[in-house]
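Participant: File name final.txt; file contents compact mmCIF, C-alpha atoms; full text below.
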```
# COMPACT_ATOMS: atom_id res chain seq x y z
CA MET A 1 26.77 40.13 45.04
CA ASN A 2 23.03 40.71 45.24
CA GLU A 3 21.66 41.84 48.57
CA VAL A 4 18.38 41.78 50.43
CA ILE A 5 18.15 44.74 52.80
CA VAL A 6 15.27 45.19 55.23
CA ILE A 7 14.34 48.69 56.42
CA THR A 8 12.83 48.48 59.89
CA SER A 9 12.23 50.57 63.02
CA GLY A 10 9.80 49.09 65.52
CA LYS A 11 7.95 52.33 66.03
CA GLY A 12 5.60 53.53 63.33
CA GLY A 13 5.86 56.89 61.62
CA VAL A 14 9.61 57.37 61.85
CA GLY A 15 10.10 57.17 58.08
CA LYS A 16 10.62 53.54 57.04
CA THR A 17 8.61 53.83 53.85
CA THR A 18 10.14 57.18 52.90
CA THR A 19 13.59 55.74 53.55
CA SER A 20 12.87 52.62 51.47
CA ALA A 21 11.54 54.67 48.55
CA ASN A 22 14.44 57.11 48.60
CA ILE A 23 17.22 54.56 48.99
CA GLY A 24 15.70 52.35 46.30
CA THR A 25 15.28 55.21 43.86
CA SER A 26 18.75 56.52 44.55
CA LEU A 27 20.34 53.11 43.98
CA ALA A 28 18.45 52.90 40.68
CA MET A 29 19.60 56.42 39.72
CA ASP A 30 23.16 55.14 40.15
CA GLY A 31 22.43 52.40 37.64
CA HIS A 32 21.75 49.42 39.91
CA SER A 33 18.84 47.10 39.34
CA VAL A 34 16.51 47.46 42.30
CA VAL A 35 13.24 46.04 43.52
CA LEU A 36 11.29 47.56 46.40
CA VAL A 37 9.16 45.07 48.32
CA ASP A 38 6.31 46.43 50.41
CA ALA A 39 5.96 43.96 53.28
CA ASP A 40 3.36 46.05 55.10
CA ILE A 41 0.40 43.89 54.13
CA GLY A 42 -2.94 45.50 54.88
CA LEU A 43 -1.44 48.99 55.12
CA ARG A 44 0.36 49.42 51.83
CA ASN A 45 1.94 52.80 51.28
CA LEU A 46 5.14 52.39 49.33
CA ASP A 47 3.07 52.53 46.11
CA VAL A 48 1.77 56.04 46.86
CA ILE A 49 5.18 57.31 47.98
CA MET A 50 6.59 56.05 44.66
CA GLY A 51 3.60 57.45 42.74
CA LEU A 52 2.74 54.04 41.30
CA GLU A 53 -0.62 53.46 42.99
CA ASN A 54 -2.57 53.49 39.71
CA ARG A 55 -0.57 50.73 38.12
CA ILE A 56 -1.14 47.92 40.60
CA VAL A 57 -2.74 44.79 39.16
CA TYR A 58 -1.25 41.97 41.22
CA ASP A 59 0.41 42.08 44.64
CA ILE A 60 2.79 40.10 46.84
CA ILE A 61 0.02 37.76 48.07
CA ASP A 62 -0.97 36.95 44.46
CA VAL A 63 2.63 35.93 43.81
CA ILE A 64 2.85 33.81 46.95
CA GLU A 65 -0.49 32.12 46.36
CA GLY A 66 0.40 31.48 42.73
CA ASN A 67 -2.33 33.64 41.19
CA CYS A 68 0.26 35.24 38.93
CA ARG A 69 3.91 34.98 38.00
CA LEU A 70 6.42 37.11 39.92
CA LYS A 71 7.22 39.19 36.82
CA GLN A 72 3.55 40.06 36.35
CA ALA A 73 3.30 41.61 39.81
CA LEU A 74 6.40 43.78 39.49
CA ILE A 75 5.60 47.38 38.60
CA LYS A 76 8.19 49.29 36.63
CA ASP A 77 8.99 52.81 37.87
CA LYS A 78 7.75 55.81 35.87
CA GLN A 79 11.24 57.12 35.28
CA TYR A 80 13.84 54.42 35.90
CA PRO A 81 13.49 51.18 33.92
CA ASN A 82 15.81 49.37 36.36
CA LEU A 83 13.56 50.13 39.36
CA PHE A 84 10.58 47.93 40.29
CA LEU A 85 7.98 47.74 43.04
CA LEU A 86 6.34 44.62 44.43
CA PRO A 87 3.27 46.06 46.16
CA ALA A 88 1.70 44.74 49.37
CA ALA A 89 -1.86 43.47 49.40
CA GLN A 90 -4.32 45.93 50.86
CA THR A 91 -7.22 43.60 51.62
CA ARG A 92 -5.34 40.89 53.52
CA ASP A 93 -3.44 40.81 56.80
CA LYS A 94 0.06 39.95 57.98
CA ASP A 95 -0.78 36.28 58.58
CA ALA A 96 -1.43 35.75 54.88
CA ILE A 97 2.26 34.91 54.38
CA SER A 98 4.87 33.00 56.35
CA PRO A 99 8.57 33.66 56.90
CA ASP A 100 9.38 30.63 54.73
CA GLN A 101 7.38 31.97 51.81
CA MET A 102 9.01 35.35 52.19
CA GLN A 103 12.44 33.78 52.16
CA LYS A 104 11.66 31.91 48.95
CA LEU A 105 10.35 35.10 47.37
CA CYS A 106 13.53 37.00 48.30
CA ASN A 107 15.66 34.25 46.84
CA SER A 108 13.87 34.32 43.50
CA LEU A 109 14.14 38.13 43.39
CA ARG A 110 17.85 37.80 44.09
CA ASN A 111 18.36 36.24 40.65
CA ASP A 112 17.18 39.36 38.85
CA PHE A 113 18.09 42.30 41.05
CA GLU A 114 21.24 43.69 42.64
CA TYR A 115 19.34 45.25 45.54
CA ILE A 116 16.14 44.01 47.10
CA ILE A 117 14.84 46.61 49.56
CA ILE A 118 12.14 45.42 51.96
CA ASP A 119 9.89 47.97 53.64
CA CYS A 120 9.05 46.40 57.01
CA PRO A 121 5.79 47.12 58.85
CA ALA A 122 5.86 48.73 62.31
CA GLY A 123 5.69 46.44 65.30
CA ILE A 124 7.47 43.26 66.32
CA GLU A 125 4.82 40.68 65.43
CA GLN A 126 4.22 38.46 62.41
CA GLY A 127 4.71 41.24 59.85
CA PHE A 128 8.15 42.04 61.23
CA LYS A 129 9.13 38.36 61.30
CA ASN A 130 8.03 37.94 57.68
CA ALA A 131 9.86 41.06 56.52
CA ILE A 132 13.21 40.08 58.03
CA ALA A 133 13.02 36.38 57.08
CA GLY A 134 14.80 36.67 53.76
CA ALA A 135 17.10 39.59 54.56
CA ASP A 136 20.92 39.60 54.51
CA LYS A 137 21.25 43.02 56.10
CA ALA A 138 19.10 45.35 58.16
CA ILE A 139 18.84 49.11 58.43
CA VAL A 140 17.13 50.52 61.51
CA VAL A 141 15.45 53.91 61.14
CA THR A 142 14.87 56.08 64.19
CA THR A 143 14.25 59.70 65.11
CA PRO A 144 15.92 61.49 68.05
CA GLU A 145 12.97 60.87 70.35
CA VAL A 146 12.78 58.76 73.48
CA SER A 147 10.02 56.46 72.19
CA ALA A 148 11.61 55.87 68.77
CA VAL A 149 15.07 55.17 70.22
CA ARG A 150 13.63 52.78 72.76
CA ASP A 151 11.81 50.81 70.06
CA ALA A 152 14.93 50.86 67.87
CA ASP A 153 16.87 49.26 70.74
CA ARG A 154 14.28 46.52 71.01
CA ILE A 155 14.39 45.92 67.25
CA ILE A 156 18.20 45.72 67.27
CA GLY A 157 17.95 43.01 69.93
CA LEU A 158 15.36 41.08 67.91
CA LEU A 159 17.37 41.39 64.68
CA GLU A 160 20.41 39.95 66.39
CA ALA A 161 18.30 37.16 67.85
CA HIS A 162 17.31 36.34 64.24
CA ASP A 163 20.97 36.32 63.14
CA LEU A 164 20.87 39.70 61.42
CA ARG A 165 24.07 40.98 62.98
CA ASN A 166 25.44 44.53 62.82
CA PRO A 167 22.36 46.41 61.68
CA LYS A 168 23.06 49.96 60.51
CA LEU A 169 21.31 53.04 61.88
CA ILE A 170 19.64 55.93 60.07
CA LEU A 171 18.83 58.91 62.26
CA ASN A 172 15.90 60.62 60.61
CA ARG A 173 14.30 64.05 61.09
CA VAL A 174 17.18 65.71 62.87
CA ARG A 175 16.66 69.39 63.64
CA VAL A 176 20.01 71.09 64.03
CA ASP A 177 18.54 74.16 65.71
CA MET A 178 17.01 72.01 68.43
CA VAL A 179 20.17 69.91 68.86
CA LYS A 180 22.17 73.11 69.32
CA ARG A 181 19.71 74.38 71.90
CA GLY A 182 20.08 71.10 73.77
CA ASP A 183 16.45 70.20 73.17
CA MET A 184 17.08 67.25 70.89
CA MET A 185 19.45 64.32 71.23
CA SER A 186 22.42 64.58 68.91
CA ILE A 187 23.85 61.91 66.59
CA GLU A 188 26.45 61.09 69.24
CA ASP A 189 23.80 60.79 71.97
CA VAL A 190 21.77 58.29 69.97
CA THR A 191 24.71 56.20 68.75
CA GLU A 192 26.09 56.09 72.29
CA ILE A 193 22.82 54.67 73.58
CA LEU A 194 22.15 52.20 70.76
CA ALA A 195 25.80 51.23 70.23
CA ILE A 196 25.49 50.46 66.50
CA ASP A 197 27.12 51.95 63.41
CA ILE A 198 25.39 54.88 61.79
CA ILE A 199 24.96 54.86 58.01
CA GLY A 200 23.19 58.18 57.62
CA VAL A 201 21.66 61.26 59.19
CA VAL A 202 18.66 62.85 57.51
CA PRO A 203 17.62 66.39 58.38
CA ASP A 204 13.99 67.21 59.07
CA ASP A 205 12.98 68.66 55.74
CA GLU A 206 9.78 70.03 54.20
CA SER A 207 10.79 68.58 50.87
CA ILE A 208 9.89 65.10 52.17
CA VAL A 209 6.26 66.13 52.63
CA ILE A 210 6.22 67.88 49.27
CA SER A 211 7.74 64.89 47.52
CA SER A 212 5.24 62.52 49.12
CA ASN A 213 2.43 64.82 47.96
CA CYS A 214 3.60 64.32 44.41
CA GLY A 215 4.71 60.69 44.61
CA GLU A 216 8.25 61.60 43.60
CA PRO A 217 10.95 60.54 46.10
CA ALA A 218 13.04 63.46 47.36
CA VAL A 219 16.29 61.99 45.99
CA LYS A 220 15.14 63.09 42.53
CA ASP A 221 15.20 66.71 43.71
CA GLU A 222 18.74 68.04 43.43
CA LYS A 223 18.03 70.80 45.94
CA SER A 224 16.45 68.67 48.67
CA ARG A 225 18.77 68.30 51.65
CA ALA A 226 16.99 65.19 52.88
CA GLY A 227 17.32 63.88 49.32
CA GLN A 228 21.05 64.55 49.44
CA ALA A 229 21.28 62.65 52.73
CA PHE A 230 19.48 59.66 51.19
CA ARG A 231 21.70 59.77 48.08
CA ASN A 232 24.72 59.60 50.38
CA ILE A 233 23.23 56.68 52.30
CA SER A 234 22.69 54.68 49.12
CA LYS A 235 26.30 55.32 48.10
CA ARG A 236 27.44 54.06 51.50
CA ILE A 237 25.30 50.95 51.02
CA CYS A 238 27.32 50.33 47.84
CA GLY A 239 30.48 50.55 49.90
CA GLU A 240 31.58 54.08 49.01
CA ASP A 241 33.17 56.13 51.73
CA ILE A 242 31.09 59.31 51.76
CA SER A 243 31.53 61.84 54.53
CA PHE A 244 28.47 63.00 56.44
CA ILE A 245 26.85 66.18 55.14
CA ASN A 246 27.14 69.29 57.20
CA LEU A 247 23.61 69.77 58.45
CA GLU A 248 24.26 73.46 58.88
CA GLU A 249 25.29 74.22 55.32
CA ASN A 250 22.10 76.19 54.74
CA ALA A 251 22.96 78.57 57.55
CA THR A 252 20.96 81.73 57.34
CA PHE A 253 22.48 85.18 57.39
CA PHE A 254 21.42 85.67 60.99
CA ASN A 255 23.00 82.39 62.06
CA LYS A 256 26.26 83.36 60.38
CA ILE A 257 26.30 86.61 62.36
CA LYS A 258 25.59 84.68 65.53
CA LYS A 259 28.45 82.32 64.75
CA MET A 260 30.86 85.24 64.55
CA PHE A 261 30.23 86.00 68.19
CA LYS A 262 31.00 82.51 69.39
CA MET B 1 31.10 81.90 76.35
CA ASP B 2 28.34 81.24 73.85
CA PHE B 3 26.86 84.47 72.52
CA SER B 4 23.28 83.22 72.70
CA SER B 5 23.58 81.65 76.13
CA PHE B 6 24.80 84.99 77.47
CA PHE B 7 21.29 86.33 77.09
CA SER B 8 19.27 83.24 77.90
CA ARG B 9 19.20 81.80 81.36
CA LYS B 10 20.98 78.47 81.56
CA ALA B 11 18.35 75.78 82.11
CA PRO B 12 19.19 72.07 82.13
CA SER B 13 18.76 70.87 78.58
CA THR B 14 15.81 68.59 77.88
CA LYS B 15 17.95 66.30 75.76
CA ASP B 16 19.88 65.27 78.86
CA THR B 17 16.60 64.45 80.57
CA ALA B 18 15.66 62.38 77.53
CA LYS B 19 18.99 60.58 77.55
CA ASP B 20 18.87 59.76 81.25
CA ARG B 21 15.31 58.48 81.05
CA LEU B 22 16.14 56.41 77.99
CA LYS B 23 19.18 54.83 79.60
CA LEU B 24 17.17 53.73 82.60
CA VAL B 25 14.29 52.40 80.51
CA LEU B 26 16.70 50.47 78.30
CA ILE B 27 18.40 48.84 81.27
CA HIS B 28 15.04 47.33 82.20
CA ASP B 29 14.15 46.50 78.57
CA ARG B 30 17.48 44.83 77.90
CA ALA B 31 17.53 42.92 81.17
CA ASN B 32 14.09 41.68 80.22
CA CYS B 33 13.29 42.20 83.89
CA SER B 34 9.81 43.34 84.77
CA THR B 35 8.78 44.70 88.18
CA GLN B 36 7.05 41.36 88.68
CA VAL B 37 10.32 39.46 88.20
CA LEU B 38 12.09 41.89 90.50
CA GLU B 39 9.43 41.32 93.14
CA MET B 40 9.94 37.55 92.90
CA LEU B 41 13.69 37.98 93.17
CA LYS B 42 13.17 40.16 96.24
CA THR B 43 11.03 37.53 97.95
CA ASP B 44 13.60 34.82 97.23
CA ILE B 45 16.49 36.90 98.53
CA ILE B 46 14.59 37.73 101.72
CA LYS B 47 13.94 34.03 102.20
CA VAL B 48 17.61 33.10 101.83
CA ILE B 49 19.04 35.87 103.99
CA SER B 50 16.44 35.30 106.71
CA ASN B 51 18.02 31.89 107.27
CA TYR B 52 21.07 33.66 108.62
CA MET B 53 19.91 36.97 110.09
CA ASP B 54 16.89 39.15 110.87
CA ILE B 55 16.39 41.74 108.18
CA ASP B 56 14.06 44.69 107.94
CA GLU B 57 11.81 43.64 105.07
CA ASP B 58 9.90 46.91 104.93
CA GLU B 59 13.03 48.97 104.51
CA LEU B 60 14.54 46.66 101.92
CA ASP B 61 15.33 48.54 98.71
CA MET B 62 16.14 46.71 95.54
CA GLN B 63 16.39 48.05 91.99
CA ILE B 64 18.15 47.67 88.70
CA THR B 65 20.18 50.78 87.97
CA GLN B 66 23.45 51.74 86.37
CA THR B 67 26.97 52.46 87.49
CA SER B 68 30.15 53.44 85.70
CA SER B 69 32.25 50.47 84.74
CA GLU B 70 35.63 50.03 86.44
CA ASP B 71 37.60 49.22 83.32
CA SER B 72 35.98 51.61 80.85
CA ASN B 73 34.09 54.87 81.01
CA LYS B 74 30.87 53.15 79.94
CA THR B 75 27.93 52.62 82.23
CA VAL B 76 26.91 49.10 83.11
CA PRO B 77 23.71 47.79 84.67
CA VAL B 78 23.82 46.69 88.32
CA LEU B 79 21.40 45.07 90.69
CA TYR B 80 21.38 47.34 93.68
CA ALA B 81 20.13 46.06 97.01
CA ASN B 82 20.07 47.82 100.37
CA ILE B 83 19.10 45.32 103.04
CA PRO B 84 19.02 46.69 106.61
CA ILE B 85 19.81 44.10 109.27
CA LYS B 86 17.72 44.13 112.45
CA SER B 87 19.94 41.74 114.32
CA ILE B 88 22.56 39.17 113.53
CA ARG B 89 21.57 36.95 116.41
CA LYS B 90 20.69 34.07 114.16
CA LEU B 91 24.31 33.88 113.13
CA GLN B 92 25.40 32.85 116.60
CA LYS B 93 22.94 30.00 116.83
```
Can the structure in the file be given as structure tokens, please?

Facilitator:
Amino acid sequence: MNEVIVITSGKGGVGKTTTSANIGTSLAMDGHSVVLVDADIGLRNLDVIMGLENRIVYDIIDVIEGNCRLKQALIKDKQYPNLFLLPAAQTRDKDAISPDQMQKLCNSLRNDFEYIIIDCPAGIEQGFKNAIAGADKAIVVTTPEVSAVRDADRIIGLLEAHDLRNPKLILNRVRVDMVKRGDMMSIEDVTEILAIDIIGVVPDDESIVISSNCGEPAVKDEKSRAGQAFRNISKRICGEDISFINLEENATFFNKIKKMFK
Amino acid sequence: MDFSSFFSRKAPSTKDTAKDRLKLVLIHDRANCSTQVLEMLKTDIIKVISNYMDIDEDELDMQITQTSSEDSNKTVPVLYANIPIKSIRKLQK
């Protein structure tokens, strides 16, 4: 059963593109055929996160306007032959495509790929409507901040209004030290407010910045904790029952001593 | 007692502030009810009630807030209105 999954958030900068790249790569590492679709027309970024920016010839608008065949626009990943990217156009804007066209595109991709991951632009306007048009499922990314959670709530409402029921939540950039201090909302706090199922919790991790510097998604790095969180999420997407990682597993010596006194 | 909190003074945690503020903001967002709509509702209610009694319009307080639900421990949104009556003379007319 081939699936179209849209990664969305409402607020910008919470990690949609990073999430898309990591989930897509991880699914491909597990042997699935995957295509990543960058729906952020005018502000394309998935190509640089994937390290494929030098290989772009055609983009999503070229496909929709019939300037090239779909296969010509798909860029094969450097490492995984079953992973492809359909890049966004950089010189056009969100109005260059319609929800209908997007739906058709998703349906033709569905013939060739098990997972179609759509990286949605920030906002709730045309770009958002296009990105969700062809999707079967939605994943909402948020961080434990007031503004991001508020926007996530709005997006959940809009997804349901567009018949994308039961979206799943990814809580990104969690800092355990701050949660413990009571200075950051916990997983429970956020799920209580948003009242949707959580599919993953990703710790705030330097390895995400490092991996974006190099154009190599963090899931490829065995040691990256954020990468581990994303690998778990992609397994859950495939229906595996994976328990949530203990965000404190890298406890320092000092923290261990502190724990003994509790 | 927590070892670390023994040394640090107990201040209200900022995450609770965040949570409370969020909950209130979301009630308004979800109700799709702007202050403008609330103002219109207020005017209409004053109009209706004034048919029956004299009310103190300046002291009238109306807001959307939250209360704990009776059948579960969840909080639910409520329309709260405090409408002081000046006199109920009109009733006897």

Participant: When you look at A:Ala148 with a cut-off of 7 Å (counting only C-alpha atoms), what residues show up, excluding the ones that are within fewer than 5 positions of it in the same chain? I need them as a PyMOL selection string.

Facilitator: chain A and resi 11+142-143

Participant: Suppose we keep C-alpha atoms; can you now write the selection as a PDB file, in the coordinates of the input?

Facilitator:
```
ATOM      1  CA  LYS A  11       7.950  52.330  66.030  1.00  0.00           C
ATOM      2  CA  THR A 142      14.870  56.080  64.190  1.00  0.00           C
ATOM      3  CA  THR A 143      14.250  59.700  65.110  1.00  0.00           C
TER       4      THR A 143
END
```

Participant: Calculated over all atoms listed in the file, which of the candidates A:Glu192, A:Glu114, A:Glu222, A:Asp59 has the smallest distance to chain B?

Facilitator: A:Glu192

Participant: By how many Å are atom CA of A:Arg236 and atom CA of A:Leu159 apart?

Facilitator: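 For atom CA of A:Arg236 relative to atom CA of A:Leu159, the distance reads 20.9 Å.
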
Participant: If the cut-off is 12 Å, can you tell me the residues of chain A near chain B, counting all atoms listed in the file? I'd like them as a ChimeraX atom specification.

Facilitator: /A:144-158,178-195,255,257-262

Participant: Using only C-alpha atoms, determine which residues lie at most 12 Å from A:Ile199, disregarding the query and same-chain residues fewer than 5 positions distant; provide the list as number ranges by chain.

Facilitator: A: 23, 138-142, 166-172, 187, 191, 229-245

Participant: Work out how far atom CA of A:Leu74 is from atom CA of A:Ala21, in Å to one decimal.

Facilitator: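 Between atom CA of A:Ala21 and atom CA of A:Leu74 the gap works out to 15.1 Å.
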
Participant: Got a sec: who's within 9 Å of A:Ile7, counting all atoms listed in the file, leaving out chain neighbours fewer than 4 positions off, as a list in words?

Facilitator: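 Answer for this query is Lys16, Thr17, Thr19, Ser20, Ile117, Ile118, Asp119, Cys120, Ala131, Ile132, Lys137, Ala138, Ile139, Val140 and Val141 of chain A.
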
Participant: Could you please determine the separation between atom CA of A:Gly12 and atom CA of A:Ile210 in Å, to one decimal place?

Facilitator: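 Distance reported for this atom pair: 20.1 Å.
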
Participant: Can you tell me, as number ranges by chain, which residues sit within 9 Å of (14.6, 40.5, 106.3) in the file's frame, using all atoms listed in the file?

Facilitator: B: 45-47, 49-50, 53-60, 83-86

Participant: Limited to C-alpha atoms, could you put the picked residues into a file as a PDB file, in the frame of the given file?

Facilitator:
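Once everything was written out, this is part06.pdb:
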```pdb
ATOM      1  CA  ILE B  45      16.490  36.900  98.530  1.00  0.00           C
ATOM      2  CA  ILE B  46      14.590  37.730 101.720  1.00  0.00           C
ATOM      3  CA  LYS B  47      13.940  34.030 102.200  1.00  0.00           C
ATOM      4  CA  ILE B  49      19.040  35.870 103.990  1.00  0.00           C
ATOM      5  CA  SER B  50      16.440  35.300 106.710  1.00  0.00           C
ATOM      6  CA  MET B  53      19.910  36.970 110.090  1.00  0.00           C
ATOM      7  CA  ASP B  54      16.890  39.150 110.870  1.00  0.00           C
ATOM      8  CA  ILE B  55      16.390  41.740 108.180  1.00  0.00           C
ATOM      9  CA  ASP B  56      14.060  44.690 107.940  1.00  0.00           C
ATOM     10  CA  GLU B  57      11.810  43.640 105.070  1.00  0.00           C
ATOM     11  CA  ASP B  58       9.900  46.910 104.930  1.00  0.00           C
ATOM     12  CA  GLU B  59      13.030  48.970 104.510  1.00  0.00           C
ATOM     13  CA  LEU B  60      14.540  46.660 101.920  1.00  0.00           C
ATOM     14  CA  ILE B  83      19.100  45.320 103.040  1.00  0.00           C
ATOM     15  CA  PRO B  84      19.020  46.690 106.610  1.00  0.00           C
ATOM     16  CA  ILE B  85      19.810  44.100 109.270  1.00  0.00           C
ATOM     17  CA  LYS B  86      17.720  44.130 112.450  1.00  0.00           C
TER      18      LYS B  86
END
```

Participant: For A:Ala28, which residue out of A:Asp62, A:Asp47, A:Asp221, A:Asp77 is the nearest one, using all atoms listed in the file?

Facilitator: A:Asp77

Participant: Using only C-alpha atoms, can you tell me which of A:Cys214, A:Pro87, A:Ile97, A:Pro203 comes closest to A:Gly227?

Facilitator: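 Between A:Cys214, A:Pro87, A:Ile97, A:Pro203, the residue approaching A:Gly227 most closely is A:Pro203.
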
Participant: Name the closest residue to B:Val78 among the candidates B:Thr35, B:Leu24, B:Met40, B:Asn51; distances are taken between atoms, counting only C-alpha atoms.

Facilitator: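 Closest candidate: B:Leu24.
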
Participant: Counting all atoms listed in the file, what is within 7 Å of A:Arg44, bar same-chain residues fewer than 6 positions away, as a ChimeraX atom specification?

Facilitator: /A:38,88-90

Participant: Write out as a ChimeraX atom specification the residues lying within 9 Å of A:Asp136, counting all atoms listed in the file and excluding same-chain residues fewer than 3 positions away.

Facilitator: /A:3-6,132-133,164

Participant: Reconstruct all heavy atoms of stretch 52-59 of chain B; output as a PDB file, keeping the file's coordinate frame.

Facilitator:
```
ATOM      1  N   TYR B  52      19.834  33.332 107.899  1.00  0.00           N
ATOM      2  CA  TYR B  52      21.070  33.660 108.620  1.00  0.00           C
ATOM      3  C   TYR B  52      20.932  34.847 109.563  1.00  0.00           C
ATOM      4  O   TYR B  52      21.649  34.965 110.541  1.00  0.00           O
ATOM      5  CB  TYR B  52      22.197  33.934 107.614  1.00  0.00           C
ATOM      6  CG  TYR B  52      22.445  32.749 106.720  1.00  0.00           C
ATOM      7  CD1 TYR B  52      21.812  32.639 105.487  1.00  0.00           C
ATOM      8  CD2 TYR B  52      23.291  31.713 107.124  1.00  0.00           C
ATOM      9  CE1 TYR B  52      22.013  31.541 104.669  1.00  0.00           C
ATOM     10  CE2 TYR B  52      23.490  30.617 106.323  1.00  0.00           C
ATOM     11  CZ  TYR B  52      22.860  30.529 105.092  1.00  0.00           C
ATOM     12  OH  TYR B  52      23.058  29.441 104.301  1.00  0.00           O
ATOM     13  N   MET B  53      20.052  35.785 109.221  1.00  0.00           N
ATOM     14  CA  MET B  53      19.910  36.970 110.090  1.00  0.00           C
ATOM     15  C   MET B  53      18.520  37.579 109.965  1.00  0.00           C
ATOM     16  O   MET B  53      17.806  37.320 108.989  1.00  0.00           O
ATOM     17  CB  MET B  53      20.985  37.995 109.744  1.00  0.00           C
ATOM     18  CG  MET B  53      21.023  38.382 108.287  1.00  0.00           C
ATOM     19  SD  MET B  53      22.481  39.331 107.845  1.00  0.00           S
ATOM     20  CE  MET B  53      23.716  38.078 107.639  1.00  0.00           C
ATOM     21  N   ASP B  54      18.161  38.418 110.913  1.00  0.00           N
ATOM     22  CA  ASP B  54      16.890  39.150 110.870  1.00  0.00           C
ATOM     23  C   ASP B  54      17.058  40.398 110.031  1.00  0.00           C
ATOM     24  O   ASP B  54      17.885  41.251 110.348  1.00  0.00           O
ATOM     25  CB  ASP B  54      16.478  39.559 112.299  1.00  0.00           C
ATOM     26  CG  ASP B  54      15.713  38.435 112.973  1.00  0.00           C
ATOM     27  OD1 ASP B  54      15.214  37.556 112.233  1.00  0.00           O
ATOM     28  OD2 ASP B  54      15.645  38.431 114.212  1.00  0.00           O
ATOM     29  N   ILE B  55      16.279  40.522 108.983  1.00  0.00           N
ATOM     30  CA  ILE B  55      16.390  41.740 108.180  1.00  0.00           C
ATOM     31  C   ILE B  55      15.089  42.522 108.203  1.00  0.00           C
ATOM     32  O   ILE B  55      14.017  41.975 108.456  1.00  0.00           O
ATOM     33  CB  ILE B  55      16.800  41.437 106.715  1.00  0.00           C
ATOM     34  CG1 ILE B  55      15.836  40.422 106.074  1.00  0.00           C
ATOM     35  CG2 ILE B  55      18.235  40.932 106.647  1.00  0.00           C
ATOM     36  CD1 ILE B  55      16.090  40.239 104.606  1.00  0.00           C
ATOM     37  N   ASP B  56      15.214  43.804 107.952  1.00  0.00           N
ATOM     38  CA  ASP B  56      14.060  44.690 107.940  1.00  0.00           C
ATOM     39  C   ASP B  56      13.433  44.650 106.538  1.00  0.00           C
ATOM     40  O   ASP B  56      13.853  45.345 105.631  1.00  0.00           O
ATOM     41  CB  ASP B  56      14.515  46.108 108.303  1.00  0.00           C
ATOM     42  CG  ASP B  56      13.319  47.015 108.560  1.00  0.00           C
ATOM     43  OD1 ASP B  56      12.195  46.600 108.213  1.00  0.00           O
ATOM     44  OD2 ASP B  56      13.527  48.109 109.108  1.00  0.00           O
ATOM     45  N   GLU B  57      12.410  43.840 106.398  1.00  0.00           N
ATOM     46  CA  GLU B  57      11.810  43.640 105.070  1.00  0.00           C
ATOM     47  C   GLU B  57      11.147  44.889 104.507  1.00  0.00           C
ATOM     48  O   GLU B  57      11.120  45.097 103.305  1.00  0.00           O
ATOM     49  CB  GLU B  57      10.790  42.496 105.134  1.00  0.00           C
ATOM     50  CG  GLU B  57      11.471  41.148 105.304  1.00  0.00           C
ATOM     51  CD  GLU B  57      10.463  40.014 105.390  1.00  0.00           C
ATOM     52  OE1 GLU B  57       9.379  40.147 104.814  1.00  0.00           O
ATOM     53  OE2 GLU B  57      10.791  39.008 106.049  1.00  0.00           O
ATOM     54  N   ASP B  58      10.602  45.721 105.408  1.00  0.00           N
ATOM     55  CA  ASP B  58       9.900  46.910 104.930  1.00  0.00           C
ATOM     56  C   ASP B  58      10.864  47.961 104.379  1.00  0.00           C
ATOM     57  O   ASP B  58      10.518  48.737 103.494  1.00  0.00           O
ATOM     58  CB  ASP B  58       9.082  47.543 106.069  1.00  0.00           C
ATOM     59  CG  ASP B  58       8.053  46.549 106.606  1.00  0.00           C
ATOM     60  OD1 ASP B  58       7.573  45.739 105.785  1.00  0.00           O
ATOM     61  OD2 ASP B  58       7.764  46.581 107.815  1.00  0.00           O
ATOM     62  N   GLU B  59      12.060  47.967 104.928  1.00  0.00           N
ATOM     63  CA  GLU B  59      13.030  48.970 104.510  1.00  0.00           C
ATOM     64  C   GLU B  59      13.914  48.495 103.359  1.00  0.00           C
ATOM     65  O   GLU B  59      14.771  49.221 102.874  1.00  0.00           O
ATOM     66  CB  GLU B  59      13.924  49.372 105.698  1.00  0.00           C
ATOM     67  CG  GLU B  59      13.204  50.187 106.756  1.00  0.00           C
ATOM     68  CD  GLU B  59      12.712  51.524 106.216  1.00  0.00           C
ATOM     69  OE1 GLU B  59      13.521  52.265 105.627  1.00  0.00           O
ATOM     70  OE2 GLU B  59      11.505  51.811 106.362  1.00  0.00           O
TER      71      GLU B  59
END
```
